[in-house]
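One file, target-v9.cif, is given below (mmCIF, C-alpha atoms).
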```
data_upload
#
loop_
_atom_site.label_atom_id
_atom_site.label_comp_id
_atom_site.auth_asym_id
_atom_site.auth_seq_id
_atom_site.Cartn_x
_atom_site.Cartn_y
_atom_site.Cartn_z
CA MET L 293 0.00 0.00 0.00
CA LEU L 294 2.79 2.34 0.94
CA ALA L 295 4.67 1.35 -2.19
CA ILE L 296 1.73 2.19 -4.44
CA GLY L 297 1.23 5.51 -2.66
CA LEU L 298 4.89 6.38 -3.10
CA GLY L 299 4.58 5.45 -6.75
CA TYR L 300 1.73 7.91 -7.26
CA LEU L 301 3.70 10.54 -5.38
CA ALA L 302 6.68 9.96 -7.66
CA ALA L 303 4.56 10.34 -10.78
CA GLY L 304 3.15 13.63 -9.54
CA PHE L 305 6.50 14.99 -8.42
CA GLY L 306 8.15 13.97 -11.66
CA ALA L 307 5.61 15.88 -13.69
CA GLY L 308 6.08 18.93 -11.46
CA ILE L 309 9.85 18.94 -11.73
CA ILE L 310 9.70 18.63 -15.50
CA MET L 311 7.25 21.51 -15.59
CA LEU L 312 9.76 23.65 -13.66
CA ALA L 313 12.61 22.75 -15.98
CA ALA L 314 10.65 23.24 -19.22
CA ALA L 315 9.11 26.53 -18.10
CA GLY L 316 12.53 27.79 -17.00
CA GLY L 317 14.09 26.89 -20.33
CA ILE L 318 11.36 28.50 -22.43
CA ALA L 319 11.36 31.57 -20.17
CA ARG L 320 15.08 32.12 -20.81
CA LEU L 321 14.48 31.68 -24.54
CA SER L 322 11.71 34.24 -24.72
CA ALA L 323 13.65 36.67 -22.49
CA ALA L 324 16.56 36.52 -24.94
CA ALA L 325 14.20 36.98 -27.90
CA LEU L 326 12.49 39.98 -26.27
CA GLU L 327 15.80 41.59 -25.45
CA GLY L 328 17.00 41.09 -29.00
CA THR L 329 13.78 42.59 -30.36
CA ALA L 330 14.17 45.58 -28.04
CA ARG L 331 17.68 46.22 -29.29
CA GLN L 332 16.85 45.78 -32.95
CA PRO L 333 13.15 45.85 -33.87
CA GLU L 334 13.80 44.95 -37.52
CA ALA L 335 15.02 41.50 -36.47
CA ALA L 336 11.74 40.71 -34.70
CA GLY L 337 10.52 38.22 -37.32
CA ASP L 338 13.79 36.25 -37.45
CA LEU L 339 14.04 36.23 -33.67
CA ARG L 340 10.50 35.00 -33.34
CA THR L 341 11.15 32.10 -35.71
CA SER L 342 14.41 31.23 -33.93
CA MET L 343 12.55 31.29 -30.63
CA LEU L 344 9.65 29.11 -31.72
CA ILE L 345 11.71 26.15 -32.86
CA PRO L 346 13.65 25.57 -29.61
CA ALA L 347 10.48 26.33 -27.66
CA ALA L 348 8.66 23.55 -29.50
CA LEU L 349 11.58 21.17 -28.95
CA ILE L 350 11.73 21.91 -25.21
CA GLU L 351 7.96 21.53 -25.01
CA GLY L 352 8.38 18.17 -26.73
CA LEU L 353 10.76 17.08 -23.97
CA GLY L 354 8.25 18.22 -21.39
CA PHE L 355 5.61 16.10 -23.03
CA PHE L 356 7.94 13.09 -23.05
CA ALA L 357 8.07 13.32 -19.29
CA LEU L 358 4.31 13.86 -19.09
CA VAL L 359 3.73 10.67 -21.07
CA ILE L 360 6.12 8.76 -18.79
CA CYS L 361 4.34 10.02 -15.66
CA LEU L 362 0.96 9.14 -17.17
CA LEU L 363 2.21 5.63 -17.95
CA VAL L 364 3.43 5.26 -14.35
CA ALA L 365 0.08 6.42 -12.98
CA LEU L 366 -1.92 4.14 -15.29
CA THR L 367 0.26 1.12 -14.43
CA LEU L 368 -0.25 1.87 -10.75
CA ASN L 369 -3.99 2.04 -11.41
CA GLY L 370 -3.77 -1.47 -12.79
CA ALA L 371 -1.74 -2.63 -9.80
CA VAL L 372 -4.24 -1.13 -7.37
CA ALA L 373 -7.13 -2.81 -9.17
CA LYS L 374 -5.34 -6.14 -9.06
CA SER L 375 -4.47 -6.01 -5.35
CA GLY L 376 -7.45 -3.95 -4.34
CA GLY L 377 -8.77 -6.31 -1.65
CA GLU L 378 -5.54 -6.81 0.28
CA GLY L 379 -4.55 -3.17 0.03
CA GLY L 380 -7.79 -2.04 1.60
CA THR L 381 -7.55 -4.55 4.42
CA SER L 382 -3.99 -3.65 5.34
CA ALA L 383 -4.85 0.07 5.36
CA SER L 384 -7.74 -0.46 7.79
CA GLN L 385 -5.55 -2.71 9.98
CA SER L 386 -2.63 -0.28 10.18
CA LYS L 387 -5.00 2.50 11.27
CA MET N 283 -19.90 8.54 -15.37
CA ASP N 284 -16.68 9.18 -13.56
CA PHE N 285 -13.78 11.27 -14.82
CA VAL N 286 -11.76 8.43 -16.30
CA GLU N 287 -14.76 7.25 -18.30
CA ILE N 288 -15.37 10.74 -19.65
CA LEU N 289 -11.72 10.98 -20.69
CA GLU N 290 -11.82 7.58 -22.33
CA HIS N 291 -14.99 8.38 -24.19
CA HIS N 292 -13.62 11.59 -25.66
CA LEU N 293 -9.97 10.79 -26.24
CA LEU N 294 -9.80 7.14 -27.24
CA ASP N 295 -10.69 5.51 -30.52
CA HIS N 296 -14.09 3.82 -30.84
CA LYS N 297 -15.16 1.28 -33.41
CA ILE N 298 -18.07 2.29 -35.58
CA ALA N 299 -18.46 -0.44 -38.20
CA LYS N 300 -16.70 -3.53 -39.41
CA LEU N 301 -14.98 -3.14 -42.75
CA PHE N 302 -13.28 -6.37 -43.85
CA THR N 303 -11.15 -9.23 -42.58
CA VAL N 304 -7.76 -10.03 -44.08
CA GLY N 305 -5.89 -13.09 -42.86
CA GLY N 306 -7.43 -13.26 -39.41
CA HIS N 307 -7.11 -9.50 -38.74
CA THR N 308 -10.31 -7.45 -38.85
CA PHE N 309 -10.31 -3.82 -39.95
CA TYR N 310 -12.89 -1.52 -38.44
CA LEU N 311 -14.09 1.94 -39.27
CA THR N 312 -13.26 3.95 -36.14
CA THR N 313 -13.81 7.57 -35.14
CA HIS N 314 -10.23 8.61 -35.81
CA ASN N 315 -10.31 6.77 -39.15
CA LEU N 316 -13.45 8.67 -40.06
CA MET N 317 -11.91 11.98 -39.00
CA MET N 318 -8.85 11.40 -41.17
CA ALA N 319 -11.10 10.56 -44.11
CA ILE N 320 -13.17 13.70 -43.51
CA ALA N 321 -10.03 15.84 -43.31
CA SER N 322 -8.79 14.34 -46.58
CA LEU N 323 -12.12 14.93 -48.30
CA ILE N 324 -12.29 18.54 -47.09
CA LEU N 325 -8.75 19.12 -48.32
CA PHE N 326 -9.52 17.54 -51.71
CA ALA N 327 -12.63 19.70 -52.14
CA LEU N 328 -11.00 22.96 -51.02
CA LEU N 329 -7.83 22.44 -53.01
CA LEU N 330 -9.71 21.55 -56.21
CA LEU N 331 -11.76 24.69 -55.69
CA ALA N 332 -8.61 26.73 -55.11
CA ARG N 333 -7.07 25.32 -58.26
CA ARG N 334 -10.11 26.20 -60.29
CA GLN N 335 -10.11 29.70 -58.83
CA SER N 336 -6.47 30.26 -59.60
CA LEU N 337 -6.67 29.37 -63.29
CA PRO N 338 -9.85 30.81 -64.74
CA ALA N 339 -10.15 31.11 -68.50
CA GLY N 340 -9.98 34.75 -69.39
CA ARG N 341 -7.79 36.20 -66.65
CA GLN N 342 -4.43 37.95 -66.98
CA GLU N 343 -1.39 36.28 -65.51
CA ALA N 344 -0.29 38.81 -62.93
CA SER N 345 -3.42 39.46 -60.92
CA ALA N 346 -3.73 38.55 -57.27
CA PRO N 347 -5.38 35.25 -56.35
CA THR N 348 -8.89 35.26 -54.93
CA GLY N 349 -10.94 33.08 -52.64
CA TRP N 350 -9.58 29.76 -51.49
CA ALA N 351 -6.57 30.10 -53.77
CA ASN N 352 -5.62 33.18 -51.80
CA PHE N 353 -6.05 31.37 -48.50
CA PHE N 354 -3.93 28.40 -49.48
CA GLU N 355 -1.32 30.53 -51.20
CA ILE N 356 -0.36 32.13 -47.88
CA PHE N 357 0.54 28.77 -46.43
CA ILE N 358 2.03 27.28 -49.57
CA VAL N 359 4.33 30.22 -50.26
CA TYR N 360 5.37 30.35 -46.60
CA ILE N 361 6.23 26.65 -46.55
CA ARG N 362 8.10 26.87 -49.83
CA ASP N 363 10.11 29.98 -48.98
CA GLU N 364 10.71 29.61 -45.26
CA ILE N 365 10.74 25.86 -44.66
CA VAL N 366 11.61 23.86 -47.76
CA ARG N 367 13.99 26.07 -49.72
CA PRO N 368 16.26 27.19 -46.83
CA ASN N 369 16.68 23.62 -45.59
CA LEU N 370 16.75 21.60 -48.78
CA GLY N 371 18.39 24.05 -51.15
CA ASP N 372 17.06 24.97 -54.55
CA ALA N 373 16.63 21.31 -55.50
CA GLY N 374 14.09 21.09 -52.69
CA ASP N 375 11.15 21.85 -54.94
CA LYS N 376 10.76 18.19 -55.83
CA TYR N 377 10.09 17.42 -52.15
CA LEU N 378 7.54 20.23 -51.90
CA PRO N 379 4.41 18.07 -52.47
CA TYR N 380 5.33 15.84 -49.54
CA PHE N 381 5.81 18.73 -47.14
CA LEU N 382 2.65 20.49 -48.24
CA THR N 383 0.62 17.32 -47.84
CA LEU N 384 2.12 16.74 -44.40
CA PHE N 385 1.42 20.27 -43.23
CA PHE N 386 -2.15 20.49 -44.45
CA PHE N 387 -3.09 17.00 -43.30
CA ILE N 388 -1.81 17.59 -39.78
CA LEU N 389 -3.39 21.05 -39.67
CA PHE N 390 -6.83 19.89 -40.76
CA CYS N 391 -6.76 16.84 -38.50
CA ASN N 392 -5.84 19.06 -35.55
CA LEU N 393 -8.54 21.58 -36.38
CA LEU N 394 -11.23 18.92 -36.80
CA GLY N 395 -10.65 18.05 -33.16
CA MET N 396 -11.83 21.52 -32.17
CA VAL N 397 -15.14 21.23 -34.01
CA PRO N 398 -18.12 19.98 -31.93
CA PHE N 399 -18.62 16.22 -32.30
CA GLY N 400 -15.19 15.98 -33.88
CA ALA N 401 -12.29 13.85 -32.67
CA THR N 402 -8.60 14.62 -32.97
CA ALA N 403 -7.11 12.03 -35.26
CA THR N 404 -3.60 13.22 -34.47
CA GLY N 405 -4.39 12.61 -30.80
CA ASN N 406 -4.02 8.92 -31.50
CA ILE N 407 -0.47 7.70 -31.11
CA ALA N 408 -0.92 5.25 -33.98
CA VAL N 409 -1.61 8.11 -36.39
CA THR N 410 1.38 10.18 -35.30
CA ALA N 411 3.56 7.07 -35.27
CA GLY N 412 2.51 6.42 -38.87
CA MET N 413 3.46 9.95 -39.86
CA ALA N 414 6.77 9.67 -38.00
CA MET N 415 7.48 6.43 -39.85
CA THR N 416 6.74 8.19 -43.13
CA THR N 417 9.24 10.89 -42.14
CA PHE N 418 11.79 8.20 -41.22
CA LEU N 419 11.38 6.58 -44.64
CA MET N 420 11.56 9.99 -46.31
CA ILE N 421 14.84 10.89 -44.60
CA ASN N 422 16.51 7.63 -45.52
CA ILE N 423 15.13 7.29 -49.04
CA SER N 424 16.02 10.87 -49.96
CA GLY N 425 19.51 10.44 -48.50
CA ILE N 426 20.09 7.18 -50.33
CA ARG N 427 18.70 8.58 -53.56
CA GLU N 428 20.94 11.65 -53.43
CA HIS N 429 24.17 10.01 -52.38
CA GLY N 430 23.94 6.28 -52.96
CA PHE N 431 23.83 3.83 -50.07
CA ILE N 432 27.57 3.71 -49.25
CA HIS N 433 28.05 7.46 -49.17
CA TYR N 434 24.86 7.91 -47.20
CA ALA N 435 26.07 5.42 -44.59
CA GLN N 436 29.34 7.33 -44.47
CA THR N 437 27.53 10.51 -43.47
CA PHE N 438 26.82 8.86 -40.14
CA ILE N 439 30.50 9.00 -39.29
CA PRO N 440 31.40 12.57 -38.29
CA HIS N 441 34.73 13.96 -39.44
CA GLY N 442 37.56 15.22 -37.30
CA LEU N 443 37.30 12.71 -34.49
CA PRO N 444 39.94 10.53 -32.82
CA PHE N 445 39.67 7.05 -34.32
CA TRP N 446 38.71 5.31 -31.10
CA LEU N 447 35.64 7.54 -30.79
CA VAL N 448 34.27 6.69 -34.24
CA PRO N 449 32.36 3.46 -33.37
CA LEU N 450 30.60 5.17 -30.47
CA MET N 451 29.67 8.19 -32.58
CA PHE N 452 28.39 5.91 -35.33
CA VAL N 453 26.08 4.14 -32.90
CA ILE N 454 24.93 7.46 -31.46
CA GLU N 455 24.14 8.81 -34.92
CA ILE N 456 22.15 5.70 -35.83
CA LEU N 457 20.23 5.96 -32.55
CA GLY N 458 19.69 9.64 -33.25
CA LEU N 459 17.94 8.69 -36.48
CA PHE N 460 15.33 6.72 -34.56
CA THR N 461 15.12 9.23 -31.73
CA LYS N 462 14.31 12.09 -34.11
CA SER N 463 11.30 10.29 -35.58
CA PHE N 464 10.17 9.11 -32.16
CA ALA N 465 10.37 12.64 -30.80
CA LEU N 466 8.27 13.94 -33.72
CA CYS N 467 5.64 11.32 -32.99
CA ILE N 468 5.43 11.97 -29.25
CA ARG N 469 5.54 15.76 -29.59
CA LEU N 470 2.51 15.96 -31.87
CA PHE N 471 0.54 13.32 -29.96
CA ALA N 472 1.13 14.79 -26.52
CA ASN N 473 0.44 18.38 -27.60
CA MET N 474 -2.91 17.43 -29.10
CA ILE N 475 -3.98 15.19 -26.21
CA ALA N 476 -2.89 17.50 -23.41
CA GLY N 477 -5.12 20.36 -24.54
CA HIS N 478 -8.17 18.13 -24.66
CA ILE N 479 -7.43 16.54 -21.28
CA VAL N 480 -7.18 19.93 -19.58
CA ILE N 481 -10.43 21.19 -21.14
CA LEU N 482 -12.21 17.99 -20.11
CA ALA N 483 -10.78 18.35 -16.60
CA PHE N 484 -12.11 21.89 -16.27
CA ILE N 485 -15.58 20.94 -17.46
CA GLY N 486 -15.47 17.87 -15.24
CA LEU N 487 -14.88 20.12 -12.24
CA ILE N 488 -18.51 21.21 -12.53
CA PHE N 489 -19.62 17.62 -12.07
CA ILE N 490 -17.11 16.85 -9.36
CA PHE N 491 -18.17 19.80 -7.23
CA LYS N 492 -21.83 19.27 -8.20
CA SER N 493 -22.40 23.03 -8.08
CA ILE N 494 -23.38 25.52 -10.76
CA PHE N 495 -21.15 28.25 -9.40
CA ILE N 496 -18.02 26.60 -10.78
CA ALA N 497 -19.51 26.90 -14.25
CA PRO N 498 -18.45 30.48 -15.17
CA ILE N 499 -14.83 29.79 -14.20
CA SER N 500 -14.81 26.43 -15.94
CA VAL N 501 -16.37 27.70 -19.13
CA ALA N 502 -14.09 30.76 -19.25
CA ALA N 503 -11.06 28.54 -18.73
CA ALA N 504 -12.31 26.13 -21.40
CA VAL N 505 -12.75 28.97 -23.89
CA GLY N 506 -9.28 30.34 -23.15
CA LEU N 507 -7.74 26.90 -23.46
CA GLY N 508 -9.66 26.33 -26.69
CA LEU N 509 -8.08 29.45 -28.16
CA LEU N 510 -4.67 28.26 -27.00
CA GLU N 511 -5.39 24.91 -28.61
CA LEU N 512 -6.17 26.57 -31.94
CA PHE N 513 -2.78 28.24 -31.78
CA VAL N 514 -1.13 24.96 -30.81
CA ALA N 515 -2.83 23.21 -33.76
CA PHE N 516 -1.17 25.58 -36.23
CA LEU N 517 2.12 25.62 -34.33
CA GLN N 518 2.42 21.83 -34.12
CA ALA N 519 1.69 21.41 -37.82
CA TYR N 520 4.37 24.02 -38.54
CA VAL N 521 6.90 22.44 -36.17
CA PHE N 522 6.36 18.92 -37.53
CA THR N 523 6.84 20.13 -41.08
CA LEU N 524 9.84 22.28 -40.16
CA LEU N 525 11.64 19.52 -38.27
CA THR N 526 10.98 17.05 -41.08
CA ALA N 527 12.48 19.56 -43.52
CA VAL N 528 15.52 20.03 -41.27
CA PHE N 529 16.09 16.28 -40.99
CA VAL N 530 15.57 15.62 -44.70
CA GLY N 531 17.86 18.55 -45.44
CA GLY N 532 20.47 17.04 -43.14
CA ALA N 533 20.28 13.79 -45.10
CA VAL N 534 20.23 15.39 -48.55
CA ASN N 535 23.13 17.80 -48.05
CA PRO N 536 24.98 16.83 -44.89
CA GLN N 537 27.46 19.24 -43.38
CA HIS N 538 30.08 18.22 -40.88
#
```
Translate the structure described by the file into structure tokens.
Amino acid sequence: MLAIGLGYLAAGFGAGIIMLAAAGGIARLSAAALEGTARQPEAAGDLRTSMLIPAALIEGLGFFALVICLLVALTLNGAVAKSGGEGGTSASQSK
Amino acid sequence: MDFVEILEHHLLDHKIAKLFTVGGHTFYLTTHNLMMAIASLILFALLLLARRQSLPAGRQEASAPTGWANFFEIFIVYIRDEIVRPNLGDAGDKYLPYFLTLFFFILFCNLLGMVPFGATATGNIAVTAGMAMTTFLMINISGIREHGFIHYAQTFIPHGLPFWLVPLMFVIEILGLFTKSFALCIRLFANMIAGHIVILAFIGLIFIFKSIFIAPISVAAAVGLGLLELFVAFLQAYVFTLLTAVFVGGAVNPQH
């Protein structure tokens, strides 16, 4: 029971940490693009294109991690359903 | 209906009718199948209309396009000038039909998911995996056709390395080939699915709380997310096409 709970916790935490990393990366990208546009407004179109491609790639990495966390959570769902009876009993006993 | 059932009903594929059986394997007509067919039919109809509007009988050559021809020309010229030609060189025009088909198919499949009673065909990992496999074949076939098989295999060995590093780099480059296609597949799939999951979660909040007062917040959030999803639909079609062009360009004229 504790193991399954820790597994769910890990899936949630993993998704959160990836969110931090991806948001931080894209924030630095867009800050650089904004600064470049402020210095030289004619380059705005090129900068925007150069910003969008890495932003999409970083977002892709974020979604990798999301898919992994979803898989973990769904597998745990299956494990809970399989050992549902014993898990419930042990929880009521330990309380 | 609990939340997982609502998600499953909206996001997964459902069989509609049985089509035929070949060698013990039965093929069904499913919702995502139907959506891909509808997207193809809409594209056929609109593009035939655009073609007819761009070549009428008694018109001069240099006038601006009208109607659907105008609409498609924005995208076609952008893809040709910003995506295909910079990455594939001037000989890239023979790959242009593939990239245009890819872009418009992904775009219309994504947009059909936003229509009421529509399903996102690109939100099915089998569909995006099929498109990623097509890209994989495209990269290799174009590389082999341009350079011949031996020279194409030699492009996987980077220059200017100490000799003991070459086997490792070769393996890494081969793995990179598969990773690139896999990343394309997962990126498109996850972007399309995530938007729908969040909208369904917000609307489901109304039923979880069983109170009408959540409704304004939920509906406002769903509208905002729907607008974001429209943007993501265009962006993901653009990014898929762009990355395919970059990879095919890397195979057609490799630089070290």
Gap from atom CA of N:Lys376 to atom CA of N:Pro536 - Å, one decimal: 18.0 Å
I would like the residues chosen by the PyMOL selection byres ((chain L) within 8 of (chain N)) on the shown file; could you give them as a ChimeraX atom specification? /L:345,348,351-353,355-356,359
In Å, with one decimal, what is the gap from atom CA of N:Phe438 to atom CA of L:Ala347?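 Computing it gives 27.0 Å between the two atoms.
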Name the residues in contact with N:Ala533 at a cut-off of 12 Å, using all atoms listed in the file, excluding same-chain residues fewer than 5 positions from it; report them as a VMD selection string. chain N and resid 369 to 370 417 to 431 433 to 438 455 459 526 to 528 538
Answer as a PyMOL selection string, residues within 10 Å of (9.1, 26.2, -46.2) using only C-alpha atoms: chain N and resi 357-370+374-375+378+381-382+520+523-524+527
Using all atoms listed in the file, I'd like a table of the residues in stretch 313-339 of chain N that come within 10 Å of stretch 401-408 of chain N; for each, show the closest atom pair and its distance in Å rounded to one decimal, ordered by chain and ascending number, as a Markdown table.
```
| residue | atom | partner | partner_atom | distance |
| --- | --- | --- | --- | --- |
| N:Thr313 | CA | N:Ala401 | CA | 6.9 |
| N:His314 | CA | N:Ala403 | CA | 4.7 |
| N:Asn315 | CA | N:Ala403 | CA | 7.3 |
| N:Leu316 | CA | N:Ala403 | CA | 8.6 |
| N:Met317 | CA | N:Ala403 | CA | 6.1 |
| N:Met318 | CA | N:Ala403 | CA | 6.2 |
| N:Ala319 | CA | N:Ala403 | CA | 9.8 |
| N:Ala321 | CA | N:Ala403 | CA | 9.4 |
```
Could you list, as a PyMOL selection string, every residue matched by the PyMOL selection byres ((chain N and resi 504) around 10) in this structure? chain N and resi 477-478+480-485+498-503+505-510
Using the chain letters and numbering of this document, enumerate as a list in words the residues selected by the PyMOL selection byres ((chain L and resi 363-366) around 9). Gly299, Tyr300, Ala302, Ala303, Gly304, Leu358, Val359, Ile360, Cys361, Leu362, Thr367, Leu368, Asn369, Gly370 and Ala371 of chain L
Please indicate the distance in Å from atom CA of L:Ile296 to atom CA of L:Ala315, rounded to one decimal place.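 We find that atom CA of L:Ile296 and atom CA of L:Ala315 lie 28.9 Å from each other.
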Tell me, as a VMD selection string, which residues lie within 12 Å of N:Phe326, counting all atoms listed in the file; anything in the same chain fewer than 6 positions away does not count. chain N and resid 319 to 320 332 to 333 383 386 to 387 390
Non-local contacts of L:Gly354 (9 Å; all atoms listed in the file; under 6 positions in same chain excluded) as a list of chain:residue names: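 Answer for this query is L:Ala307, L:Ile310, L:Met311, L:Ala313, L:Ala314, L:Ala315, N:Arg469.
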Give me the residues within 8 Å of N:Phe285 as a ChimeraX atom specification, counting only C-alpha atoms and dropping any in the same chain fewer than 3 places off. /N:288-289,483,486
